[in-house]
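A.B. asks: Dropping a structure here in structure tokens format, bear with me for questions.
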Amino acid sequence: MAPAIQAENLVKTFGDVRALDGVSLDVPEGTVLGLLGPNGAGKTTTVRVLTTLLRPDSGRAVVAGVDVLKHPNQVRSLIGLSGQYAAVDEYLTGFENLQMVGELYQMTARAAKARALELLEWFNLTEAKDRTAKTYSGGMRRRLDLAAALVVRPPVMFLDEPTTGLDPRNRLALWEVIETLVEQGTTLLLTTQYLEEADRLAHDIAVVDHGRVIARGTADQLKAQIGGERIEVVVHRADLVADAVATLSGYALGEPAVERNTRRITVPVSGGARVLADVIRDLDARSIEIDDIGLRRPTLDDVFLTLTGHVAEAADEENGTDATGRGRGGRGTGGTAGDESGPDQDKQAVAAGTEL
Ligand SMILES: Nc1ncnc2c1ncn2[C@@H]1O[C@H](COP(=O)(O)OP(=O)(O)OP(=O)(O)O)[C@@H](O)[C@H]1O
Ligand SMILES: [Mg+2]
């Protein structure tokens with residue numbers, strides 16, 4: 001069976017930034033692909049190409065059996081999209097926003113209304129349904145935006161960082177909604193900065209960096225690929241970090257990862273408990289005081305760190321900077337060279353079937 005989403009060698013440049021440098025992907029029907037990658041890796045650009053909002057410089061894409069570049073309008077009728085920036089109409093109520101999407105997709109007024117109410121319930125928005133969206137909190141807007149993507153039960157869905165900015169309860173609720181959709185046969189491409197989210201929801205994971213897919217596999221395959229166990233040490237004071245790194249390097253199979261603000265050092269090792277005991281003795285002999293130490297199996301975080309050289313950072317929705325204060329897409333562009341519409345217009349464009 002042909003994959004529900006297929007991309008071949010997509011290239012997209014913005015000025016001298018190569019946002020996509022030959023991305024190839026395929027997502028079998030009824031499965032979830034998690035697209036993981038650091039800020040500026042090219043996740044959103046990939047989603048925008050696959051959802052017809054952006055023309056690549058070269059490459060090919062097929063969604064639900066339809067060529068994205070040749071028949072964008074047909075593709076739009078087969079997909080749902082929820083973007084990284086919630087695209088809701090501020091001056092309509094939650095209910096009206098959803099009803100409008102249904103009507104844009106030519107549902108009858110009665111069907112659009114029933115679907116809107118059902119989705120408001122799913123996303124815990126029933127109480128707020130008659131308030132204008134401009135009074136909604138960030139997490140409420142995000143949920144409304146996700147609900148809007150589900151109005152027409154599309155066979156293929158694209159969710160760009162769906163749970164960024166949601167509190168734990170709503171994140172869990174959304175995971176359940178997504179799992180239900182997938183059980184019902186929806187094919188999903190999901191981008192996320194949350195590795196546990198990819199671990200839980202995705203059948204397959206593609207790690208993207210610098211516009212390329214640098215690793216591909218199930219969560220277990222990726223963990224096995226980077227191998228080894230991890231020793232994790234938290235030293236008692238910041239001035240002990242350097243000494244501890246030097247000590248641990250003697251046991252490490254690869255580069256130690258250091259989180260300075262939490263004084264946590266993680267190193268890949270092999271040899272299990274015996275090595276752990278040696279490390280504890282060694283640290284003690286050098287009077288390096290520790291708060292915590294443990295041995296564990298690699299996580300997706302380790303995969304990400306090993307492959308991209310840095311930890312995953314959730315983008316801050318409000319001001320477009322991540323936790324390190326780098327601008328969004330900080331790979332040397334001011335982000336102004338764009339010849340394309342902004343993401344806010346994306347959803348309306350998809351719904352209205354307009355060409356960009
Ligand atoms: N319209 C545009 N104009 C100019 N540069 C752009 C535009 N869209 C994306 N870029 C650049 O392309 C690169 C990839 O951006 P993209 O938004 O795809 O990253 P991302 O993986 O979604 O990152 P994030 O995790 O921050 O959402 C970045 O360097 C970004 O600055
Ligand atoms: Mg993005």
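Labels used: A, B, ... for chains in the order of the structure tokens, numbers from 1 for residues in each chain, and numbers from 1 for ligands as shown.
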Could you go through stretch 69-235 of chain A and tell me which residues DSSP, when run on the backbone, assigns to alpha helix (DSSP H), listing them as JSON, numbers by chain?

C.D. replies: {"A": [72, 73, 74, 75, 76, 94, 95, 96, 97, 98, 99, 100, 101, 102, 103, 104, 109, 110, 111, 112, 113, 114, 115, 116, 117, 118, 119, 120, 121, 122, 138, 139, 140, 141, 142, 143, 144, 145, 146, 147, 148, 149, 168, 169, 170, 171, 172, 173, 174, 175, 176, 177, 178, 179, 180, 181, 182, 183, 195, 196, 197, 198, 199, 200, 201, 219, 220, 221, 222, 223, 224, 225, 226]}

A.B. asks: Which neighbours of stretch 200-215 of chain A fall inside 7 Å, counting only C-alpha atoms, when residues of the same chain fewer than 4 positions from it are skipped, and could you give them as number ranges by chain?

C.D. replies: A: 18-23, 31-38, 41-42, 196, 219, 308

A.B. asks: Please identify all polymer residues within 12 Å of A:Asp67, counting only C-alpha atoms, omitting same-chain residues fewer than 3 positions from it, and present them as a VMD selection string.

C.D. replies: chain A and resid 4 to 8 49 to 52 59 to 64 70 to 76 78

A.B. asks: Suppose we keep C-alpha atoms; can you now write the selection as a short mmCIF file (atom, residue, chain, number, x, y, z; two decimals), in the first residue's frame?

C.D. replies:
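Listing of out.cif after writing:
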data_model
loop_
_atom_site.label_atom_id
_atom_site.label_comp_id
_atom_site.auth_asym_id
_atom_site.auth_seq_id
_atom_site.Cartn_x
_atom_site.Cartn_y
_atom_site.Cartn_z
CA ALA A 4 -0.36 8.28 3.08
CA ILE A 5 2.35 10.93 3.23
CA GLN A 6 5.42 10.81 1.08
CA ALA A 7 8.12 13.43 0.58
CA GLU A 8 11.11 13.03 -1.70
CA VAL A 49 5.26 22.23 2.13
CA LEU A 50 3.25 19.06 2.74
CA THR A 51 0.10 21.05 3.47
CA THR A 52 0.44 23.06 0.21
CA GLY A 59 11.48 17.76 -4.61
CA ARG A 60 8.20 15.95 -4.69
CA ALA A 61 5.41 15.25 -2.23
CA VAL A 62 2.31 13.08 -2.32
CA VAL A 63 -0.40 13.20 0.35
CA ALA A 64 -3.32 10.76 0.39
CA LYS A 70 0.22 19.55 -9.00
CA HIS A 71 -3.12 19.38 -7.21
CA PRO A 72 -2.90 21.51 -4.05
CA ASN A 73 -6.64 22.15 -3.83
CA GLN A 74 -7.43 18.46 -3.90
CA VAL A 75 -4.84 17.84 -1.18
CA ARG A 76 -6.42 20.56 0.95
CA LEU A 78 -8.06 15.66 2.37
#

A.B. asks: Let me have all residues with an atom within 8 Å of ligand 2, counting only C-alpha atoms and all ligand atoms, laid out as a PDB file with N, CA and C atoms, in the first residue's frame.

C.D. replies:
ATOM      1  N   ASN A  39      15.044  23.843  17.444  1.00  0.00           N
ATOM      2  CA  ASN A  39      14.498  25.057  16.834  1.00  0.00           C
ATOM      3  C   ASN A  39      15.223  25.352  15.531  1.00  0.00           C
ATOM      4  N   GLY A  40      14.469  25.678  14.518  1.00  0.00           N
ATOM      5  CA  GLY A  40      15.071  26.032  13.237  1.00  0.00           C
ATOM      6  C   GLY A  40      15.489  24.839  12.389  1.00  0.00           C
ATOM      7  N   ALA A  41      15.147  23.626  12.814  1.00  0.00           N
ATOM      8  CA  ALA A  41      15.579  22.416  12.094  1.00  0.00           C
ATOM      9  C   ALA A  41      14.905  22.270  10.735  1.00  0.00           C
ATOM     10  N   GLY A  42      13.692  22.829  10.624  1.00  0.00           N
ATOM     11  CA  GLY A  42      12.958  22.697   9.367  1.00  0.00           C
ATOM     12  C   GLY A  42      11.639  21.940   9.521  1.00  0.00           C
ATOM     13  N   LYS A  43      11.177  21.744  10.759  1.00  0.00           N
ATOM     14  CA  LYS A  43       9.945  20.988  10.982  1.00  0.00           C
ATOM     15  C   LYS A  43       8.729  21.717  10.408  1.00  0.00           C
ATOM     16  N   THR A  44       8.572  22.979  10.796  1.00  0.00           N
ATOM     17  CA  THR A  44       7.408  23.733  10.332  1.00  0.00           C
ATOM     18  C   THR A  44       7.454  23.910   8.816  1.00  0.00           C
ATOM     19  N   THR A  45       8.646  24.146   8.285  1.00  0.00           N
ATOM     20  CA  THR A  45       8.775  24.294   6.833  1.00  0.00           C
ATOM     21  C   THR A  45       8.338  23.011   6.131  1.00  0.00           C
ATOM     22  N   GLN A  84       1.715  25.758  14.543  1.00  0.00           N
ATOM     23  CA  GLN A  84       2.476  26.088  15.743  1.00  0.00           C
ATOM     24  C   GLN A  84       1.908  27.356  16.391  1.00  0.00           C
ATOM     25  N   ASP A 160       1.460  20.633  14.179  1.00  0.00           N
ATOM     26  CA  ASP A 160       2.783  21.221  14.416  1.00  0.00           C
ATOM     27  C   ASP A 160       2.866  21.660  15.875  1.00  0.00           C
ATOM     28  N   GLU A 161       3.628  20.938  16.654  1.00  0.00           N
ATOM     29  CA  GLU A 161       3.768  21.177  18.098  1.00  0.00           C
ATOM     30  C   GLU A 161       2.407  21.322  18.790  1.00  0.00           C
ATOM     31  N   THR A 191       4.763  17.234  14.805  1.00  0.00           N
ATOM     32  CA  THR A 191       6.088  17.703  15.214  1.00  0.00           C
ATOM     33  C   THR A 191       6.037  17.969  16.699  1.00  0.00           C
TER      34      THR A 191
END

A.B. asks: If we count only C-alpha atoms and set the cut-off at 10 Å, which residues sit around A:Ile293, ignoring sequence neighbours fewer than 3 positions away in its own chain? Please answer as a list in words.

C.D. replies: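 Surrounding residues, per the criterion: Ile231, Glu232, Val233, Val234, Val235, Arg264, Ile265, Thr266, Leu276, Val279, Ile280 and Ile290 of chain A.
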
A.B. asks: Taking 6 positions as the minimum chain separation for residues in the same chain, which residues sit within 7 Å of A:Leu81 when counting only C-alpha atoms? Answer as an MDAnalysis selection string.

C.D. replies: chainID A and resid 149 157:159 347

A.B. asks: DSSP on the backbone: what in stretch 137-310 of chain A comes out strand (DSSP E or B), as a count of residues only?

C.D. replies: 46

A.B. asks: Using only C-alpha atoms, find each residue in stretch 170-245 of chain A having at least one atom no more than 9 Å away from stretch 109-129 of chain A; report its shortest atom-to-atom pair and that distance in Å (one decimal), rows by chain then rising number, as JSON lines.

C.D. replies:
{"residue": "A:Asn170", "atom": "CA", "partner": "A:Phe123", "partner_atom": "CA", "distance": 7.8}
{"residue": "A:Ala173", "atom": "CA", "partner": "A:Phe123", "partner_atom": "CA", "distance": 7.5}
{"residue": "A:Leu174", "atom": "CA", "partner": "A:Phe123", "partner_atom": "CA", "distance": 7.5}
{"residue": "A:Val177", "atom": "CA", "partner": "A:Trp122", "partner_atom": "CA", "distance": 7.7}

A.B. asks: Based on the selection just made, write C-alpha atoms of those residues as an mmCIF file, in the first residue's frame.

C.D. replies:
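The result, stored in selection.cif:
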data_model
loop_
_atom_site.group_PDB
_atom_site.id
_atom_site.type_symbol
_atom_site.label_atom_id
_atom_site.label_comp_id
_atom_site.auth_asym_id
_atom_site.auth_seq_id
_atom_site.Cartn_x
_atom_site.Cartn_y
_atom_site.Cartn_z
ATOM 1 C CA ASN A 170 -4.892 19.169 28.732
ATOM 2 C CA ALA A 173 -6.476 14.878 27.126
ATOM 3 C CA LEU A 174 -5.066 15.761 23.717
ATOM 4 C CA VAL A 177 -7.914 12.444 21.404
#

A.B. asks: So which one's closest to ligand 1, A:Arg55, A:Arg296, A:Lys134, A:Lys223? Using only C-alpha atoms and all ligand atoms, please.

C.D. replies: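 Between A:Arg55, A:Arg296, A:Lys134, A:Lys223, the residue approaching ligand 1 most closely is A:Arg55.
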
A.B. asks: Compile the contact shell of stretch 131-133 of chain A as a ChimeraX atom specification: residues with an atom at most 9 Å away, counting only C-alpha atoms, same-chain residues fewer than 4 positions apart removed.

C.D. replies: /A:88-97,127,137,140-141,144

A.B. asks: Next, dump the selected residues to file, keeping only C-alpha atoms, as an mmCIF file, in the first residue's frame.

C.D. replies:
data_model
loop_
_atom_site.group_PDB
_atom_site.id
_atom_site.type_symbol
_atom_site.label_atom_id
_atom_site.label_comp_id
_atom_site.auth_asym_id
_atom_site.auth_seq_id
_atom_site.Cartn_x
_atom_site.Cartn_y
_atom_site.Cartn_z
ATOM 1 C CA VAL A 88 -8.289 31.459 15.443
ATOM 2 C CA ASP A 89 -10.527 34.413 14.741
ATOM 3 C CA GLU A 90 -10.241 36.623 17.806
ATOM 4 C CA TYR A 91 -13.631 38.254 17.349
ATOM 5 C CA LEU A 92 -15.657 35.079 17.061
ATOM 6 C CA THR A 93 -16.605 32.890 19.995
ATOM 7 C CA GLY A 94 -15.110 29.433 20.360
ATOM 8 C CA PHE A 95 -18.327 27.944 19.053
ATOM 9 C CA GLU A 96 -18.512 30.323 16.080
ATOM 10 C CA ASN A 97 -14.904 29.601 15.143
ATOM 11 C CA GLU A 127 -17.971 26.404 29.443
ATOM 12 C CA SER A 137 -5.802 31.971 27.480
ATOM 13 C CA MET A 140 -7.436 27.567 25.347
ATOM 14 C CA ARG A 141 -6.598 29.070 21.946
ATOM 15 C CA LEU A 144 -9.577 25.646 19.886
#

A.B. asks: Between atom CA of A:Arg169 and atom CA of A:Ala148, what is the distance, to one decimal in Å?

C.D. replies: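 Computed distance, atom CA of A:Arg169 to atom CA of A:Ala148, equals 19.9 Å.
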
A.B. asks: What does the distance between atom CA of A:Ile288 and atom CA of A:Ser249 come to in Å, to one decimal place?

C.D. replies: 14.4 Å

A.B. asks: Between atom CA of A:Gly80 and atom CA of A:Leu189, what distance in Å does the model show, to one decimal?

C.D. replies: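 A separation of 10.4 Å between them.
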
A.B. asks: If you count only C-alpha atoms, which residues fall within 12 Å of A:Leu181, apart from same-chain ones fewer than 2 positions away, as a VMD selection string?

C.D. replies: chain A and resid 30 to 32 150 153 to 157 174 to 179 183 to 188 201
